[in-house]
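**Q** Okay, handing you the structure first.
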Amino acid sequence: IYAIDNIGKYYSLDSNTGKLIWINQHKVPFISQIKIFNNKIFAIDGDNTLRCYSIVDGKEIWNIKTQPAFIKTNKKLSIVLNSNFVVFSNTLGDIIKADIETGKLIWFLPTQNTLVPYSTNFLETSDIVLKDKSIYFSNNFSKLYSLNLNNGILNWEQNINSILRPIIIDDILFTVSEEGYLLAIDVFKGDIIRSSYILHKFKRKQLNNLFLQGFLIASNKVIITTNHGYIILCSLNTGKVEKILKISNSELSEPLISDNKLHVITRSSVVVFDKRTN
């Protein structure tokens with residue numbers, strides 16, 4: 001098991017015994033996902049630097065420095081990779097592709113105007129999704145992007161406000177906007193196929209501070225969690241809300257499917273639904 005934390009520590013544990021194998025201290029906290037591939041650990045620190053470490057002893061192999069931001073984000077930065085490359089985002093909205101073995105820069109694309117002071121201080125970006133020869137991601141500045149993986153050239157963009165990880169099924173991208181719309185989008189052209197408002201059953205007072213935490217798709221259902229303890233179930237085919245479940249008074253995690261069961265974490269428990277739950 002390999003882990004990083006928000007005080008700059010990164011370490012390796014034996015998965016059978018929990019015994020510490022090695023631990024190292026980095027001078028800057030980590031603010032990203034952690035990814036492991038081909039005996040390498042990848043993580044981004046608070047200075048917007050991608051670090052590549054050896055899984056053997058945690059020693060740094062290479063790093064890629066990008067421009068640091070004035071304000072740190074609460075949203076974990078995204079990393080995607082394969083045997084040849086690593087693609088990642090930073091807190092300024094830049095997307096970077098590099099060689100996975102050497103860290104050599106392949107292309108760099110700024111998505112925001114960083115010439116305006118503090119223009120990106122409150123930017124949050126969704127996880128990056130890789131599909132065939134394109135990557136997809138969105139942000140809370142009302143932009144959803146599709147980029148060519150080979151050269152970083154823009155395929156298309158849409159004015160959609162979301163920091164939730166988009167999901168692609170066949171040739172359709174699904175996302176949920178912060179305004180409460182479930183959207184189906186053509187991955188090749190960027191055209192909106194369908195837009196369905198999913199918060200119409202909530203009262204105006206509830207909507208004042210309601211946030212969507214995450215979503216997934218399973219068994220032709222779209223399962224969406226909120227910060228008020230609600231799970232919203234929608235039809236994948238029509239986008240219509242079929243059921244709203246109240247399972248907690250606290251914030252819910254993103255939903256997760258494991259062993260054909262839906263798992264949702266509250267502040268004090270893990271709630272599990274079996275596959276027979278409608």
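Chain labels follow the order of the structure tokens: the first chain is A, the next B, and so on; residue numbering restarts at 1 in every chain, and ligands are counted from 1 in their shown order.
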Neighbours of stretch 62-70 of chain A within 10 Å (only C-alpha atoms; same-chain residues fewer than 4 positions away dropped), as a ChimeraX atom specification?

**A** /A:42-54,89-92,94,96,98,100-105,108,114,117-118,120-122

**Q** Those same residues, written as a tab-separated table (two decimals), in the first residue's frame with C-alpha atoms?

**A**
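Full text of out-v5.tsv as output:
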```tsv
chain	number	residue	atom	x	y	z
A	42	PHE	CA	3.04	9.91	-9.02
A	43	ALA	CA	1.67	12.79	-6.93
A	44	ILE	CA	1.37	16.59	-7.17
A	45	ASP	CA	2.45	18.84	-4.32
A	46	GLY	CA	1.14	22.23	-3.20
A	47	ASP	CA	3.63	24.05	-5.43
A	48	ASN	CA	1.99	22.51	-8.52
A	49	THR	CA	4.96	20.19	-9.05
A	50	LEU	CA	4.40	16.63	-10.26
A	51	ARG	CA	6.71	14.29	-8.34
A	52	CYS	CA	7.72	10.84	-9.56
A	53	TYR	CA	9.08	8.51	-6.84
A	54	SER	CA	10.41	4.97	-6.80
A	89	SER	CA	-3.78	19.24	-14.06
A	90	ASN	CA	-2.61	21.97	-11.71
A	91	THR	CA	-4.49	24.53	-9.61
A	92	LEU	CA	-4.26	27.16	-12.36
A	94	ASP	CA	-3.14	24.05	-16.89
A	96	ILE	CA	0.31	18.95	-18.92
A	98	ALA	CA	4.84	14.30	-20.14
A	100	ILE	CA	6.28	8.71	-18.04
A	101	GLU	CA	9.86	7.42	-17.99
A	102	THR	CA	11.82	10.66	-18.20
A	103	GLY	CA	9.39	13.41	-17.20
A	104	LYS	CA	10.14	15.22	-20.46
A	105	LEU	CA	7.38	17.67	-21.37
A	108	PHE	CA	1.39	22.16	-22.04
A	114	THR	CA	-3.32	33.73	-15.79
A	117	PRO	CA	-4.09	38.72	-11.08
A	118	TYR	CA	-5.87	36.12	-8.93
A	120	THR	CA	-7.74	31.44	-11.04
A	121	ASN	CA	-7.59	31.53	-7.24
A	122	PHE	CA	-10.93	29.77	-6.82
```

**Q** For stretch 13-26 of chain A, list every protein, DNA or RNA residue within 9 Å, evaluated using only C-alpha atoms, and leave out those in the same chain fewer than 5 positions away; present the list as a ChimeraX atom specification.

**A** /A:1-3,7-8,45,56-59

**Q** Counting only C-alpha atoms, what is within 10 Å of stretch 242-251 of chain A, bar same-chain residues fewer than 4 positions away, as a compact mmCIF listing (two decimals) with N, CA and C atoms, in the first residue's frame?

**A**
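Done, and the output landed in selection-v8.txt:
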```
# COMPACT_ATOMS: atom_id res chain seq x y z
N ILE A 198 -32.65 17.93 -12.28
CA ILE A 198 -32.88 16.84 -11.34
C ILE A 198 -33.18 17.31 -9.91
N LEU A 199 -33.29 18.61 -9.69
CA LEU A 199 -33.49 19.12 -8.33
C LEU A 199 -34.88 19.71 -8.12
N LYS A 201 -37.59 18.45 -7.14
CA LYS A 201 -38.34 17.97 -5.99
C LYS A 201 -37.86 18.55 -4.66
N PHE A 202 -36.80 19.35 -4.72
CA PHE A 202 -36.29 19.99 -3.51
C PHE A 202 -36.92 21.38 -3.36
N PHE A 211 -25.28 20.90 -2.45
CA PHE A 211 -24.21 20.65 -3.40
C PHE A 211 -24.20 19.18 -3.78
N LEU A 212 -23.88 18.92 -5.03
CA LEU A 212 -23.77 17.55 -5.52
C LEU A 212 -22.34 17.07 -5.32
N GLN A 213 -22.20 15.92 -4.64
CA GLN A 213 -20.88 15.45 -4.24
C GLN A 213 -20.21 14.56 -5.27
N LYS A 221 -28.96 3.25 -14.20
CA LYS A 221 -29.34 4.31 -13.26
C LYS A 221 -28.17 5.27 -13.08
N VAL A 222 -28.49 6.53 -12.89
CA VAL A 222 -27.50 7.52 -12.49
C VAL A 222 -27.70 7.77 -11.01
N ILE A 223 -26.67 7.52 -10.22
CA ILE A 223 -26.75 7.63 -8.76
C ILE A 223 -25.93 8.84 -8.34
N ILE A 224 -26.59 9.81 -7.71
CA ILE A 224 -25.97 11.09 -7.36
C ILE A 224 -26.07 11.31 -5.86
N THR A 225 -24.98 11.70 -5.23
CA THR A 225 -24.99 11.98 -3.79
C THR A 225 -24.88 13.49 -3.55
N THR A 226 -25.38 13.93 -2.38
CA THR A 226 -25.39 15.35 -2.04
C THR A 226 -24.77 15.58 -0.67
N ASN A 227 -24.55 16.86 -0.36
CA ASN A 227 -23.99 17.22 0.94
C ASN A 227 -25.04 17.25 2.05
N HIS A 228 -26.30 17.01 1.74
CA HIS A 228 -27.37 16.99 2.74
C HIS A 228 -27.86 15.58 3.05
N GLY A 229 -27.11 14.57 2.62
CA GLY A 229 -27.47 13.21 2.96
C GLY A 229 -28.46 12.56 2.02
N TYR A 230 -28.72 13.17 0.86
CA TYR A 230 -29.66 12.60 -0.11
C TYR A 230 -28.92 11.83 -1.20
N ILE A 231 -29.56 10.74 -1.66
CA ILE A 231 -29.15 10.07 -2.89
C ILE A 231 -30.26 10.26 -3.91
N ILE A 232 -29.89 10.73 -5.09
CA ILE A 232 -30.85 10.95 -6.17
C ILE A 232 -30.64 9.87 -7.22
N LEU A 233 -31.71 9.14 -7.53
CA LEU A 233 -31.66 8.09 -8.55
C LEU A 233 -32.37 8.57 -9.81
N CYS A 234 -31.68 8.53 -10.94
CA CYS A 234 -32.25 8.97 -12.21
C CYS A 234 -32.15 7.86 -13.24
N SER A 235 -33.05 7.87 -14.20
CA SER A 235 -32.98 6.94 -15.32
C SER A 235 -31.88 7.39 -16.27
N VAL A 264 -21.74 4.18 0.26
CA VAL A 264 -21.71 5.62 0.47
C VAL A 264 -21.22 5.88 1.90
N ILE A 265 -20.30 6.81 2.06
CA ILE A 265 -19.74 7.11 3.37
C ILE A 265 -20.37 8.39 3.92
N THR A 266 -20.84 8.34 5.16
CA THR A 266 -21.30 9.52 5.88
C THR A 266 -20.20 9.93 6.86
N ARG A 267 -20.47 10.90 7.71
CA ARG A 267 -19.45 11.33 8.68
C ARG A 267 -19.15 10.25 9.71
N SER A 268 -20.09 9.35 9.94
CA SER A 268 -19.92 8.39 11.03
C SER A 268 -20.10 6.94 10.62
N SER A 269 -20.38 6.67 9.35
CA SER A 269 -20.67 5.29 8.97
C SER A 269 -20.46 5.07 7.48
N VAL A 271 -22.61 3.25 4.49
CA VAL A 271 -23.93 2.71 4.16
C VAL A 271 -23.79 1.87 2.91
N ASN A 278 -33.92 -0.88 -5.15
CA ASN A 278 -34.46 -0.19 -6.31
C ASN A 278 -34.44 1.32 -6.07
```

**Q** If you count only C-alpha atoms, which residues fall within 7 Å of A:Ile79, apart from same-chain ones fewer than 4 positions away, as a PDB file with all heavy atoms, in the first residue's frame?

**A**
```pdb
ATOM      1  N   GLN A  33      -4.472  13.264  -6.338  1.00  0.00           N
ATOM      2  CA  GLN A  33      -4.591  11.819  -6.282  1.00  0.00           C
ATOM      3  C   GLN A  33      -3.184  11.221  -6.253  1.00  0.00           C
ATOM      4  O   GLN A  33      -2.202  11.891  -6.577  1.00  0.00           O
ATOM      5  CB  GLN A  33      -5.314  11.303  -7.530  1.00  0.00           C
ATOM      6  CG  GLN A  33      -6.678  11.899  -7.780  1.00  0.00           C
ATOM      7  CD  GLN A  33      -7.187  11.603  -9.181  1.00  0.00           C
ATOM      8  OE1 GLN A  33      -6.439  11.211 -10.068  1.00  0.00           O
ATOM      9  NE2 GLN A  33      -8.487  11.791  -9.385  1.00  0.00           N
ATOM     10  N   VAL A  87      -0.624  12.468 -17.800  1.00  0.00           N
ATOM     11  CA  VAL A  87      -1.315  13.746 -18.009  1.00  0.00           C
ATOM     12  C   VAL A  87      -1.845  14.196 -16.664  1.00  0.00           C
ATOM     13  O   VAL A  87      -2.432  13.400 -15.917  1.00  0.00           O
ATOM     14  CB  VAL A  87      -2.471  13.610 -19.021  1.00  0.00           C
ATOM     15  CG1 VAL A  87      -3.214  14.932 -19.163  1.00  0.00           C
ATOM     16  CG2 VAL A  87      -1.947  13.166 -20.383  1.00  0.00           C
ATOM     17  N   PHE A  88      -1.649  15.482 -16.333  1.00  0.00           N
ATOM     18  CA  PHE A  88      -2.125  15.973 -15.048  1.00  0.00           C
ATOM     19  C   PHE A  88      -2.568  17.421 -15.157  1.00  0.00           C
ATOM     20  O   PHE A  88      -2.243  18.134 -16.119  1.00  0.00           O
ATOM     21  CB  PHE A  88      -1.047  15.813 -13.968  1.00  0.00           C
ATOM     22  CG  PHE A  88       0.183  16.676 -14.157  1.00  0.00           C
ATOM     23  CD1 PHE A  88       0.340  17.856 -13.453  1.00  0.00           C
ATOM     24  CD2 PHE A  88       1.195  16.277 -15.016  1.00  0.00           C
ATOM     25  CE1 PHE A  88       1.478  18.638 -13.605  1.00  0.00           C
ATOM     26  CE2 PHE A  88       2.341  17.054 -15.192  1.00  0.00           C
ATOM     27  CZ  PHE A  88       2.480  18.236 -14.471  1.00  0.00           C
ATOM     28  N   SER A  89      -3.324  17.851 -14.143  1.00  0.00           N
ATOM     29  CA  SER A  89      -3.776  19.239 -14.064  1.00  0.00           C
ATOM     30  C   SER A  89      -3.116  19.903 -12.869  1.00  0.00           C
ATOM     31  O   SER A  89      -2.658  19.236 -11.934  1.00  0.00           O
ATOM     32  CB  SER A  89      -5.301  19.299 -13.913  1.00  0.00           C
ATOM     33  OG  SER A  89      -5.717  18.620 -12.732  1.00  0.00           O
ATOM     34  N   ILE A 128      -9.637  14.253 -14.708  1.00  0.00           N
ATOM     35  CA  ILE A 128      -9.443  14.092 -16.145  1.00  0.00           C
ATOM     36  C   ILE A 128      -9.862  12.674 -16.536  1.00  0.00           C
ATOM     37  O   ILE A 128      -9.537  11.709 -15.853  1.00  0.00           O
ATOM     38  CB  ILE A 128      -7.969  14.323 -16.523  1.00  0.00           C
ATOM     39  CG1 ILE A 128      -7.545  15.751 -16.172  1.00  0.00           C
ATOM     40  CG2 ILE A 128      -7.735  14.057 -18.002  1.00  0.00           C
ATOM     41  CD1 ILE A 128      -6.042  15.977 -16.270  1.00  0.00           C
TER      42      ILE A 128
END
```

**Q** Between A:Lys75, A:His200, A:Lys261, A:Lys205, which is the closest to A:Lys240 once you count only C-alpha atoms?

**A**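 Under the stated criterion, the closest residue is A:His200.
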
**Q** Taking only residues of stretch 177-227 of chain A that have an atom at most 12 Å from an atom of stretch 160-164 of chain A, what is each one's shortest atom pair and its distance in Å to one decimal, using only C-alpha atoms, in chain and number order, as JSON lines?

**A**
```
{"residue": "A:Ser177", "atom": "CA", "partner": "A:Ser162", "partner_atom": "CA", "distance": 4.6}
{"residue": "A:Glu178", "atom": "CA", "partner": "A:Ser162", "partner_atom": "CA", "distance": 5.4}
{"residue": "A:Glu179", "atom": "CA", "partner": "A:Asn161", "partner_atom": "CA", "distance": 7.6}
{"residue": "A:Gly180", "atom": "CA", "partner": "A:Ser162", "partner_atom": "CA", "distance": 9.6}
{"residue": "A:Tyr181", "atom": "CA", "partner": "A:Ile160", "partner_atom": "CA", "distance": 9.5}
{"residue": "A:Leu182", "atom": "CA", "partner": "A:Ser162", "partner_atom": "CA", "distance": 10.6}
{"residue": "A:Leu183", "atom": "CA", "partner": "A:Ile160", "partner_atom": "CA", "distance": 9.2}
{"residue": "A:Ala184", "atom": "CA", "partner": "A:Ile160", "partner_atom": "CA", "distance": 11.5}
{"residue": "A:Ile185", "atom": "CA", "partner": "A:Ile160", "partner_atom": "CA", "distance": 10.8}
{"residue": "A:Gly190", "atom": "CA", "partner": "A:Ile160", "partner_atom": "CA", "distance": 11.1}
{"residue": "A:Asp191", "atom": "CA", "partner": "A:Ile160", "partner_atom": "CA", "distance": 11.8}
{"residue": "A:Ile192", "atom": "CA", "partner": "A:Ile160", "partner_atom": "CA", "distance": 10.3}
{"residue": "A:Ser195", "atom": "CA", "partner": "A:Ile160", "partner_atom": "CA", "distance": 11.0}
{"residue": "A:Phe211", "atom": "CA", "partner": "A:Ser162", "partner_atom": "CA", "distance": 10.9}
{"residue": "A:Leu212", "atom": "CA", "partner": "A:Leu164", "partner_atom": "CA", "distance": 8.3}
{"residue": "A:Gln213", "atom": "CA", "partner": "A:Leu164", "partner_atom": "CA", "distance": 7.5}
{"residue": "A:Gly214", "atom": "CA", "partner": "A:Leu164", "partner_atom": "CA", "distance": 5.9}
{"residue": "A:Phe215", "atom": "CA", "partner": "A:Leu164", "partner_atom": "CA", "distance": 7.5}
{"residue": "A:Leu216", "atom": "CA", "partner": "A:Leu164", "partner_atom": "CA", "distance": 10.0}
{"residue": "A:Ile224", "atom": "CA", "partner": "A:Leu164", "partner_atom": "CA", "distance": 10.4}
{"residue": "A:Thr225", "atom": "CA", "partner": "A:Leu164", "partner_atom": "CA", "distance": 11.1}
{"residue": "A:Thr226", "atom": "CA", "partner": "A:Leu164", "partner_atom": "CA", "distance": 11.8}
```

**Q** Could you dump the residues just selected with N, CA, C and O atoms as an mmCIF file, in the first residue's frame?

**A**
```cif
data_model
loop_
_atom_site.group_PDB
_atom_site.id
_atom_site.type_symbol
_atom_site.label_atom_id
_atom_site.label_comp_id
_atom_site.auth_asym_id
_atom_site.auth_seq_id
_atom_site.Cartn_x
_atom_site.Cartn_y
_atom_site.Cartn_z
ATOM 1 N N SER A 177 -24.140 19.186 -13.704
ATOM 2 C CA SER A 177 -23.684 20.547 -13.461
ATOM 3 C C SER A 177 -23.987 20.971 -12.031
ATOM 4 O O SER A 177 -24.839 20.390 -11.350
ATOM 5 N N GLU A 178 -23.293 21.995 -11.557
ATOM 6 C CA GLU A 178 -23.528 22.515 -10.215
ATOM 7 C C GLU A 178 -24.923 23.110 -10.080
ATOM 8 O O GLU A 178 -25.455 23.222 -8.973
ATOM 9 N N GLU A 179 -25.538 23.467 -11.194
ATOM 10 C CA GLU A 179 -26.891 24.007 -11.166
ATOM 11 C C GLU A 179 -27.960 22.921 -11.107
ATOM 12 O O GLU A 179 -29.148 23.226 -10.991
ATOM 13 N N GLY A 180 -27.538 21.651 -11.195
ATOM 14 C CA GLY A 180 -28.476 20.549 -11.030
ATOM 15 C C GLY A 180 -29.004 19.959 -12.321
ATOM 16 O O GLY A 180 -30.105 19.391 -12.325
ATOM 17 N N TYR A 181 -28.253 20.022 -13.393
ATOM 18 C CA TYR A 181 -28.675 19.437 -14.666
ATOM 19 C C TYR A 181 -27.842 18.198 -14.962
ATOM 20 O O TYR A 181 -26.609 18.219 -14.887
ATOM 21 N N LEU A 182 -28.528 17.112 -15.292
ATOM 22 C CA LEU A 182 -27.887 15.893 -15.777
ATOM 23 C C LEU A 182 -27.816 15.995 -17.292
ATOM 24 O O LEU A 182 -28.844 16.096 -17.966
ATOM 25 N N LEU A 183 -26.597 15.960 -17.833
ATOM 26 C CA LEU A 183 -26.396 16.215 -19.251
ATOM 27 C C LEU A 183 -25.788 15.017 -19.952
ATOM 28 O O LEU A 183 -24.907 14.337 -19.419
ATOM 29 N N ALA A 184 -26.257 14.758 -21.168
ATOM 30 C CA ALA A 184 -25.679 13.756 -22.063
ATOM 31 C C ALA A 184 -25.124 14.493 -23.277
ATOM 32 O O ALA A 184 -25.831 15.280 -23.913
ATOM 33 N N ILE A 185 -23.838 14.246 -23.601
ATOM 34 C CA ILE A 185 -23.138 15.035 -24.609
ATOM 35 C C ILE A 185 -22.428 14.106 -25.597
ATOM 36 O O ILE A 185 -21.821 13.100 -25.209
ATOM 37 N N GLY A 190 -19.346 17.400 -29.190
ATOM 38 C CA GLY A 190 -19.600 18.268 -28.049
ATOM 39 C C GLY A 190 -21.025 18.777 -27.978
ATOM 40 O O GLY A 190 -21.341 19.625 -27.136
ATOM 41 N N ASP A 191 -21.897 18.277 -28.846
ATOM 42 C CA ASP A 191 -23.302 18.714 -28.838
ATOM 43 C C ASP A 191 -24.038 18.117 -27.636
ATOM 44 O O ASP A 191 -23.841 16.941 -27.300
ATOM 45 N N ILE A 192 -24.903 18.921 -27.016
ATOM 46 C CA ILE A 192 -25.720 18.434 -25.919
ATOM 47 C C ILE A 192 -26.891 17.642 -26.478
ATOM 48 O O ILE A 192 -27.710 18.165 -27.233
ATOM 49 N N SER A 195 -30.576 17.423 -21.673
ATOM 50 C CA SER A 195 -30.322 18.135 -20.425
ATOM 51 C C SER A 195 -31.562 18.019 -19.550
ATOM 52 O O SER A 195 -32.643 18.443 -19.946
ATOM 53 N N PHE A 211 -25.285 20.898 -2.445
ATOM 54 C CA PHE A 211 -24.213 20.655 -3.396
ATOM 55 C C PHE A 211 -24.200 19.177 -3.780
ATOM 56 O O PHE A 211 -24.488 18.310 -2.961
ATOM 57 N N LEU A 212 -23.876 18.919 -5.030
ATOM 58 C CA LEU A 212 -23.773 17.548 -5.524
ATOM 59 C C LEU A 212 -22.343 17.067 -5.325
ATOM 60 O O LEU A 212 -21.393 17.714 -5.773
ATOM 61 N N GLN A 213 -22.196 15.925 -4.643
ATOM 62 C CA GLN A 213 -20.879 15.450 -4.235
ATOM 63 C C GLN A 213 -20.207 14.560 -5.275
ATOM 64 O O GLN A 213 -18.985 14.561 -5.414
ATOM 65 N N GLY A 214 -21.001 13.771 -5.993
ATOM 66 C CA GLY A 214 -20.448 12.856 -6.970
ATOM 67 C C GLY A 214 -21.551 12.034 -7.595
ATOM 68 O O GLY A 214 -22.696 12.055 -7.136
ATOM 69 N N PHE A 215 -21.216 11.308 -8.656
ATOM 70 C CA PHE A 215 -22.209 10.451 -9.293
ATOM 71 C C PHE A 215 -21.528 9.282 -9.979
ATOM 72 O O PHE A 215 -20.332 9.311 -10.287
ATOM 73 N N LEU A 216 -22.303 8.222 -10.184
ATOM 74 C CA LEU A 216 -21.849 7.086 -10.964
ATOM 75 C C LEU A 216 -23.031 6.524 -11.731
ATOM 76 O O LEU A 216 -24.190 6.900 -11.492
ATOM 77 N N ILE A 224 -26.592 9.812 -7.708
ATOM 78 C CA ILE A 224 -25.968 11.085 -7.363
ATOM 79 C C ILE A 224 -26.066 11.311 -5.862
ATOM 80 O O ILE A 224 -27.129 11.116 -5.267
ATOM 81 N N THR A 225 -24.981 11.699 -5.225
ATOM 82 C CA THR A 225 -24.991 11.985 -3.791
ATOM 83 C C THR A 225 -24.885 13.488 -3.548
ATOM 84 O O THR A 225 -24.358 14.236 -4.381
ATOM 85 N N THR A 226 -25.378 13.926 -2.384
ATOM 86 C CA THR A 226 -25.390 15.348 -2.042
ATOM 87 C C THR A 226 -24.766 15.584 -0.669
ATOM 88 O O THR A 226 -24.525 14.651 0.091
#
```

**Q** Smallest atom-to-atom distance to A:Phe30: which of A:Lys76, A:His263, A:Arg165, A:Lys131, using only C-alpha atoms?

**A**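 Using only C-alpha atoms, the shortest distance to A:Phe30 belongs to A:Lys76.
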
**Q** Between atom CA of A:Asn220 and atom CA of A:Glu254, what is the distance in Å, rounded to a tenth?

**A** 17.9 Å

**Q** Just list the residues in stretch 44-244 of chain A DSSP gives strand (DSSP E) on the backbone, as number ranges by chain.

**A** A: 44, 49-54, 60-65, 79-81, 85-89, 95-99, 105-109, 129-131, 134-139, 143-148, 154-158, 167-169, 172-176, 181-186, 192-197, 212-218, 221-226, 230-235, 241-244

**Q** Hey, which of A:Glu157, A:Pro166, A:Val176, A:Asp127 ends up closest to A:Gly239? Count only C-alpha atoms.

**A**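 Selected residue with least distance to A:Gly239: A:Val176.
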
**Q** Please, what distance in Å, to one decimal, runs between atom CA of A:Thr125 and atom CA of A:Ser32?

**A**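 According to the coordinates, atom CA of A:Thr125 and atom CA of A:Ser32 are separated by 11.5 Å.
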
**Q** Check the smallest atom-to-atom distance from each of A:Asn38, A:Asn151, A:Ile61, A:Ser83 to A:Ile95 using only C-alpha atoms, then report the winner.

**A** A:Asn151

**Q** In Å, rounded to a single decimal, give me how far atom CA of A:Phe174 is from atom CA of A:Pro255.

**A**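 Atom CA of A:Phe174 lies 15.5 Å from atom CA of A:Pro255.
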